[in-house]
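Peer 1: Have a look at the structure that comes next, please.
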Amino acid sequence: MRSFKKMVEDFGWPRIIIFLFLVALFIGAPFVHVRMDSSLSDVINRFGQNAIFVLAMVPMIQSGCGLNFGLSIGVVAGLLGSTLSIEFGLTGLLGFFGAVLFSAPFAVLFGWAYGRLLNKVKGEEMTIAMYVGFAGVMFMCIMWLILPFTSPNMVWGYAGKGLRTTITVEGYWLKVLNDFLAVRIGKFFVFPTGEILFVALAAFLMSLFMRSKTGTALTAVGSNPDYARASGISVDKMRTVSVVLSTFLGAVGICVFEQSFGFIQLYTAPVNMPFAAVAAILIGGASVNKASMLNVVVGAFLFQGLLTMTPSVINAALQTDMSEVIRIMVSNGIILYALTRKTKVTK
Amino acid sequence: MSGGKSSKLGRFFSENAVVIIFLLITVLAIKPSGLSLTYIGQEMINRIGRDSFLVLALLLPIYAGMGLNFGMTLGAMSGQIGLIFAINANIRGVDGLVFAALAGTPISILMGYICGVVLNKAKGREMVTGYILAFFINGVYQFVVMYLMGVVIPIKNPAILLSRGYGIRNTLNLEGVRQSLDILLALKLGPFTLPLATFLVIAALCVFIVWFKKTKLGQDMRAVGHDMAVAEASGIPVDRTRVIVIIISTVLACYGQIIFLQNMGNFATYNAHDQTSFFAVAAILVGGASVKKATLPNVFIGVILLHVLFVVSPLAGQNLFGSAMIGEYFRQFIGYGVIALSLVLYAWRARKETERAREGLRGGAANGDIAVGGAK
Amino acid sequence: MGQESPLLSFEHVSKDFYGNVVLSDVSFDLHAGEILGLVGENGAGKTTLMSILFGMPAIAETGGYQGRIVIEGEEAHFASPFEALDAGVGMVHQEFSLIPGFTTTENILLNRESMKHTAVNEVFGDRMSILDRPDMRKRAETAIATLGVKLDPDMLVSEMPVGHKQFTEIAREITRKHTRILVLDEPTAVLTESEADVLLGALKKLAAKGIAIIFISHRLKEMLDVADRIVVLRDGRIVKEAPVQGTSVRDIATWMVGREMGGARERETETRAFGEEIFSAKGLWVDMPGETVRNVDLSVKKGEIFGIGGLAGQGKLGIPNGIMGLYAAGGDVRLGGKSVPLNAPKEALKMGMAFVSEDRRGVGLLLDEGLDWNIAFTAMQVHGRYLKKHLGGLIQLRDDKAMRQVTEEYIKTLDIKCTSPKQAAKELSGGNQQKICLAKAFAVQPDLLFVSEPTRGIDVGAKKLVLDTLLKCNRDLGMTIIMISSELEELRSVCDRIAIVDEGRIAGILPPTAERAEFGVLMSGAAEPTAQEATRA
């Protein structure tokens with residue numbers, strides 16, 4: 001009984017509340033005429049869509065850099081890659097992997113600069129990450145207007161210059177991962193096998209990295225930077241590695257998101273993405289300087305489950321749209337909870 | 001410190017980097033915008049009246065070492081609720097504003113208390129916690145205004161409710177109280193119109209702040225801001241002092257938002273407070289303040305500089321690049337960039353200071369003293 | 001002093017920390033206007049005694065104390081430092097409790113500022129009074145004058161020289177309305193000679209005004225200068241109480257360290273032959289806060305066990321921390337003739353040195369990770385051990401099996417009490433944690449091992465095992481060991497030579513068979529600082 005109580009304490013009451021709430025929603029769904037199979041399909045789909053973003057949180061948490069509120073920088077790199085892929089007219093799996101490939105150099109460059117910046121401001125990483133992210137997104141807004149893209153799919157019709165706010169990937173690489181080996185059960189349930197496999201591959205590669213010499217050193221830096229330094233590790237170098245990795249995953253994440261969602265969203269869209277990923281990893285049970293693959297999977301699932309089920313069930317039940325309000329309170333509430341814990345969030 | 005003249009100049013630049021960069025960009029953007037200096041001047045006068053109070057609300061938390069109070073949004077939301085009640089009761093003119101302020105005060109005190117307690121639990125990361133708390137309370141605000149008003153909270157005036165019968169409308173016309181404070185004592189000075197009453201209110205707040213710093217509470221706040229451990233050891237109730245600071249700041253933000261909205265004339269019920277902290281923080285940083293230090297001149301210089309750029313950039317963007325959107329995005333970029341730059345400079349400088357101070361304490365062989373029996 | 005009743009009396013004060021006796025039946029008096037010098041080695045009980053007097057929470061949290069403290073005839077039992085301050089007991093600590101951004105005046109009167117009431121007080125309370133700065137300045141100037149020092153009341157503390165900061169602290173204590181007892185803990189540690197003289201003069205002025213002063217210092221010469229009486233603590237007991245008149249430094253040093261104890265650890269009487277010099281340091285300085293090294297020269301022979309001792313804060317701990325790159329350091333350090341780059345932990349490790357830090361929990365362990373991680377990590381990162389190559393050397397992954405194996409080996413040889421190699425390090429007892437730190441250093445297979453405070457906080461049984469293990473590594477593997485410790489007996493039981501550090505410099509090097517009093521003299525800075533390598537045959 002004691003260890004059960006300890007387990008509950010470690011897991012944290014807010015997470016338990018969220019989990020029970022989600023279970024309640026699932027149970028209540030059929031009573032308000034919301035189909036279970038389409039809900040489950042939705043949840044799995046959104047899970048796959050967002051999981052890589054949550055995975056991107058892991059390296060920086062492990063290395064003690066804290067929660068990556070500046071994930072938008074990685075997203076921006078991914079947007080550059082995606083738009084380039086469309087510009088070159090790449091389709092199908094080539095189009096998707098092309099997007100990832102084109103994003104890579106941008107992600108590494110941005111991540112490296114961002115990492116060096118964070119190293120100089122140890123202790124105030126999170127606020128600075130947020131505003132660097134915002135500033136970066138705004139700067140890219142100007143760029144989207146003046147970069148010389150020509151593809152008629154992306155450019156404003158009558159002006160002929162500057163990219164549209166939303167660009168469709170239909171006809172290029174819409175759902176290329178999702179549809180790969182997809183499993184259809186009945187009219188309402190689709191399992192996006194390809195996407196889930198890709199996520200699983202990414203998680204596997206990440207866990208492999210964490211078991212490497214560098215990954216071990218990175219974890220030590222987050223666990224006790226003085227110990228790591230005494231063992232000859234360059235704390236700054238490990239932190240930079242974690243930031244580059246996180247930024248790259250942000251870029252990959254937005255590509256996965258786009259192929260599933262169907263649209264590339266430019267301009268100010270990236271601004272809100274970090275907060276969702278932060279909330280998700282925290283819900284999944286990540287702590288101040290420890291985040292595991294389990295945290296990623298559980299967190300992404302619970303969070304997206306909440307986001308999917310709450311509007312459909314509660315709106316159907318109360319005949320009113322409370323989803324936004326609940327989403328705001330839940331995601332920010334969990335982040336607030338984590339920030340007010342006694343242990344430090346960054347070292 | 002060795003290096004003489006070149007490094008002194010370097011220090012001056014790095015300490016005032018933000019103001020200098022901003023000044024440069026602003027001056028460069030005025031001409032291409034095509035706006036007359038008179039127009040810009042009048043806009044400045046308006047903006048000082050409209051925004052200064054909100055920016056002033058940020059001074060005391062900086063003074064007490066709590067950084068930039070992104071939680072001021074809680075005060076803004078309180079003021080908005082006060083305004084809703086005023087419109088509900090159909091009180092017009094300055095009386096409406098006073099009513100809103102009175103109604104908003106207890107709410108903002110409660111909000112300030114909550115914010116202070118939460119920030120005390122997150123010492124060392126007050127700014128990001130305040131930011132997230134603002135989002136969280138925003139959710140609560142949306143819930144209250146959209147679902148409780150007209151149901152649990154009685155609303156008499158049907159004109160402000162949504163068509164479904166409960167919840168406040170998306171936009172509220174403030175024609176009853178619109179500009180009431182500004183017009184109260186309008187003074188025409190050449191081509192300019194000065195909202196004297198508003199200026200007097202702002203001046204009163206400045207006097208209050210100056211007086212407040214002279215009190216024991218002000219001195220305690222200063223001590224807490226410098227070194228919490230030493231303050232605690234000398235018997236100052238650190239946690240309580242910090243909560244009081246935030247309460248004051250939140251109440252001031254409440255009044256400041258009321259002044260802001262009466263000038264705007266229109267009230268986007270669910271969004272009006274979204275950018276409040278962003279503009280106020282950007283303004284005070286542009287004016288030369290830092291996370292640890294802010295003075296009254298920082299407030300006014302900042303409001304003027306920030307808003308000149310904001311007024312000028314869409315048109316400058318249009319004329320220079322053929323797109324007003326570029327100007328829009330540019331001013332957002334500058335706004336966020338300024339905040340990021342200030343935070344980075346502050347954090348980077350703070351580390352350099354500690355390093356320099358430590359180097360000064362080294363003795364013996366570190367300073368070339370090889371012979372035995374040096375400075376002992 | 002006169003025959004009037006004592007101002008402060010310690011009566012049969014005893015204290016133990018969970019069975020570990022730190023103070024035993026301490027009784028002495030202090031009269032008004034008297035300066036009492038309190039002397040003792042590390043761990044003699046001085047700090048604990050003062051903590052009891054000053055009402056530090058750590059005392060109550062660990063079971064309180066026995067005996068009584070009597071002030072002016074009434075028993076005093078302080079539950080917090082604030083109560084002690086209210087009763088007129090002031091303490092000046094070694095770390096300054098000042099606000100750098102405030103002026104002298106503001107610091108002296110921190111939280112006791114002069115105030116002028118305003119109308120607002122009625123509604124909002126006392127803290128809305130306006131500060132009466134002219135009056136504050138007057139009070140500060142009075143305090144400064146009482147001390148007889150030159151302090152600028154308007155200067156910012158951050159811009160003051162260290163000595164002035166010390167004076168500001170003292171001025172703050174004496175401006176309290178009824179300070180009658182003042183305790184100073186190593187007040188001259190950070191002062192220059194001239195500043196120390198001014199301080200001692202100020203203390204005499206305070207005593208003349210009737211304030212009783214307890215003065216803790218290891219600088220015995222100063223003690224003789226200023227104190228009226230000396231009280232010597234050793235192992236928690238008072239071993240001597242004497243007037244300063246007619247006492248010499250050597251007397252005090254002898255009382256401090258005591259005579260030869262019967263039944264000291266048996267030493268092998270073999271004369272050991274050592275190889276050539278394996279390690280040397282010239283002009284070493286290390287910037288480690290609290291353990292500053294100013295100018296150290298050392299030479300260690302291959303196969304030796306070289307001991308470094310000295311009182312706390314004198315710099316002995318800074319030596320290994322600086323050489324291993326954990327703190328900023330400079331100087332000429334060589335291993336086996338090759339120059340050792342400083343400020344580079346990786347280089348020091350790669351060259352074949354290893355370090356068991358005195359800061360077990362802070363630097364020595366990954367508390368949240370398993371024992372296998374803790375033991376294998378450094379060897380993995382520096383020498384590439386416990387890694388398995390995959391894909392033809394492209395990827396190197398942790399070899400968890402090998403890590404587990406080596407951990408189990410060390411668990412056996414060092415008798416580490418744990419539930420499994422994967423147990424989190426934070427769950428082990430202090431003694432077992434220390435064994436893990438040793439295992440980590442051994443796993444790197446160094447040629448030269450620095451060990452700092454190897455048996456601190458460990459029970460007697462574990463102590464013996466740790467020291468025996470070190471001896472074994474030295475005798476069987478030929479590992480040169482440099483051992484830093486506050487416990488003189490420990491050093492004397494295993495080391496071949498022992499250097500004593502005082503004020504950041506080597507005061508002298510003695511063989512382990514030298515008399516304890518000799519060591520005491522070196523520790524208290526009483527010896528003439530000409531002997532850098534005074535070896536006695």
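We name chains A, B, ... following the order of the structure tokens; residues begin at 1 in each chain, and ligands are numbered from 1 as shown.
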Output the contact residues of chain A with respect to chain B at a cut-off of 10 Å, based on only C-alpha atoms, as a PyMOL selection string.
Peer 2: chain A and resi 69+117-146+267-268+275+320+322+324-346
Peer 1: I'd like to know which residues of range 115-248 of chain B are strand (DSSP E) (by DSSP, run on the backbone); could you write them as a count of residues only?
Peer 2: 11
Peer 1: Please, which residues of chain C lie no more than 7 Å from chain B when the count uses only C-alpha atoms, and can they be set out as a CSV table (one decimal) with N, CA and C atoms, in the first residue's frame?
Peer 2:
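What landed in result.csv:
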```csv
chain,number,residue,atom,x,y,z
C,97,SER,N,27.0,39.1,5.4
C,97,SER,CA,25.6,39.1,5.2
C,97,SER,C,25.2,40.6,4.9
C,98,LEU,N,25.8,41.0,3.7
C,98,LEU,CA,25.6,42.4,3.4
C,98,LEU,C,24.9,42.5,2.0
C,99,ILE,N,24.2,43.6,1.7
C,99,ILE,CA,23.7,43.9,0.4
C,99,ILE,C,24.6,44.8,-0.4
C,101,GLY,N,24.5,46.3,-3.1
C,101,GLY,CA,24.0,47.5,-3.8
C,101,GLY,C,23.6,48.6,-2.8
C,110,LEU,N,20.0,47.8,8.3
C,110,LEU,CA,19.1,47.0,7.6
C,110,LEU,C,18.0,46.5,8.5
C,111,ASN,N,16.7,46.8,8.0
C,111,ASN,CA,15.5,46.4,8.8
C,111,ASN,C,15.4,47.0,10.2
C,127,ARG,N,5.0,49.7,7.9
C,127,ARG,CA,6.0,49.8,6.8
C,127,ARG,C,5.7,50.9,5.8
C,128,MET,N,4.6,51.7,6.0
C,128,MET,CA,4.4,52.8,5.1
C,128,MET,C,5.1,54.1,5.7
C,129,SER,N,5.8,54.0,6.7
C,129,SER,CA,6.5,55.2,7.2
C,129,SER,C,7.6,55.5,6.3
C,130,ILE,N,7.9,56.8,6.2
C,130,ILE,CA,9.0,57.3,5.4
C,130,ILE,C,10.3,57.1,6.2
C,131,LEU,N,11.4,56.7,5.5
C,131,LEU,CA,12.7,56.6,6.1
C,131,LEU,C,13.2,57.9,6.5
C,192,THR,N,43.9,42.1,5.4
C,192,THR,CA,45.3,42.3,5.3
C,192,THR,C,45.8,42.6,6.7
C,193,GLU,N,47.1,42.6,6.8
C,193,GLU,CA,47.7,42.8,8.2
C,193,GLU,C,47.3,44.1,8.8
C,283,GLY,N,54.2,27.4,-7.6
C,283,GLY,CA,53.5,28.7,-7.8
C,283,GLY,C,52.0,28.4,-8.0
C,284,LEU,N,51.5,27.3,-7.5
C,284,LEU,CA,50.1,27.0,-7.8
C,284,LEU,C,49.1,27.9,-7.0
C,285,TRP,N,48.2,28.5,-7.7
C,285,TRP,CA,47.1,29.3,-7.1
C,285,TRP,C,45.8,28.7,-7.6
C,287,ASP,N,41.5,29.5,-7.3
C,287,ASP,CA,40.4,30.3,-6.8
C,287,ASP,C,39.2,29.5,-6.5
C,294,ARG,N,47.0,30.3,-2.4
C,294,ARG,CA,47.7,31.5,-2.9
C,294,ARG,C,49.0,31.2,-3.6
C,295,ASN,N,49.8,30.3,-3.1
C,295,ASN,CA,51.1,30.1,-3.6
C,295,ASN,C,51.7,28.8,-3.1
C,330,GLY,N,46.1,28.4,-11.6
C,330,GLY,CA,47.3,28.8,-12.5
C,330,GLY,C,48.6,28.3,-11.8
```
Peer 1: Provide the CA of Arg334 in chain C to CA of Met479 in chain C distance in Å, to one decimal place.
Peer 2: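 These atoms are spaced 16.7 Å apart.
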Peer 1: Could you give me, as a Markdown table, every chain A residue with an atom at most 8 Å from chain C, plus its closest atom pair and distance in Å to one decimal, counting only C-alpha atoms, rows ordered by chain then number?
Peer 2:
```
| residue | atom | partner | partner_atom | distance |
| --- | --- | --- | --- | --- |
| A:Leu208 | CA | C:Leu397 | CA | 7.6 |
| A:Arg211 | CA | C:Leu397 | CA | 5.4 |
| A:Ser212 | CA | C:Leu397 | CA | 4.1 |
| A:Lys213 | CA | C:Leu397 | CA | 6.1 |
| A:Thr216 | CA | C:Arg398 | CA | 7.8 |
| A:Ala217 | CA | C:Gln381 | CA | 7.4 |
| A:Ala220 | CA | C:Leu366 | CA | 7.2 |
| A:Ser223 | CA | C:Leu366 | CA | 6.4 |
| A:Asn224 | CA | C:Leu366 | CA | 6.0 |
| A:Asp226 | CA | C:Val363 | CA | 5.2 |
| A:Tyr227 | CA | C:Val363 | CA | 4.5 |
| A:Arg229 | CA | C:Pro345 | CA | 7.0 |
| A:Ala230 | CA | C:Pro345 | CA | 5.9 |
| A:Ser231 | CA | C:Thr378 | CA | 5.2 |
| A:Gly232 | CA | C:Lys346 | CA | 3.7 |
| A:Ile233 | CA | C:Lys346 | CA | 6.9 |
```
Peer 1: What is the distance between CA of Phe191 in chain A and CA of Asp42 in chain A, in Å to one decimal?
Peer 2: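 Answer for the CA of Phe191 in chain A to CA of Asp42 in chain A separation: 9.4 Å.
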Peer 1: As a ChimeraX atom specification, list the residues of range 63-213 of chain A assigned to alpha helix (DSSP H) by DSSP on the backbone atoms of this structure.
Peer 2: /A:72-87,92-120,125-146,193-210,213
Peer 1: Restricting the calculation to only C-alpha atoms: of B:Leu110, B:Val18, B:Leu181, B:Ile244, which residue gets closest to Phe260 in chain B?
Peer 2: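 Counting only C-alpha atoms, the residue closest to Phe260 in chain B is B:Leu181.
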Peer 1: Tell me, in Å to one decimal, how far CA of Leu199 in chain C is from CA of Asp251 in chain C.
Peer 2: 24.7 Å
Peer 1: Rank nothing, just name the residue among C:Leu391, C:Val406, C:Ile308, C:Leu298 nearest to Glu490 in chain C, using only C-alpha atoms.
Peer 2: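 Smallest separation from Glu490 in chain C among the options: C:Ile308.
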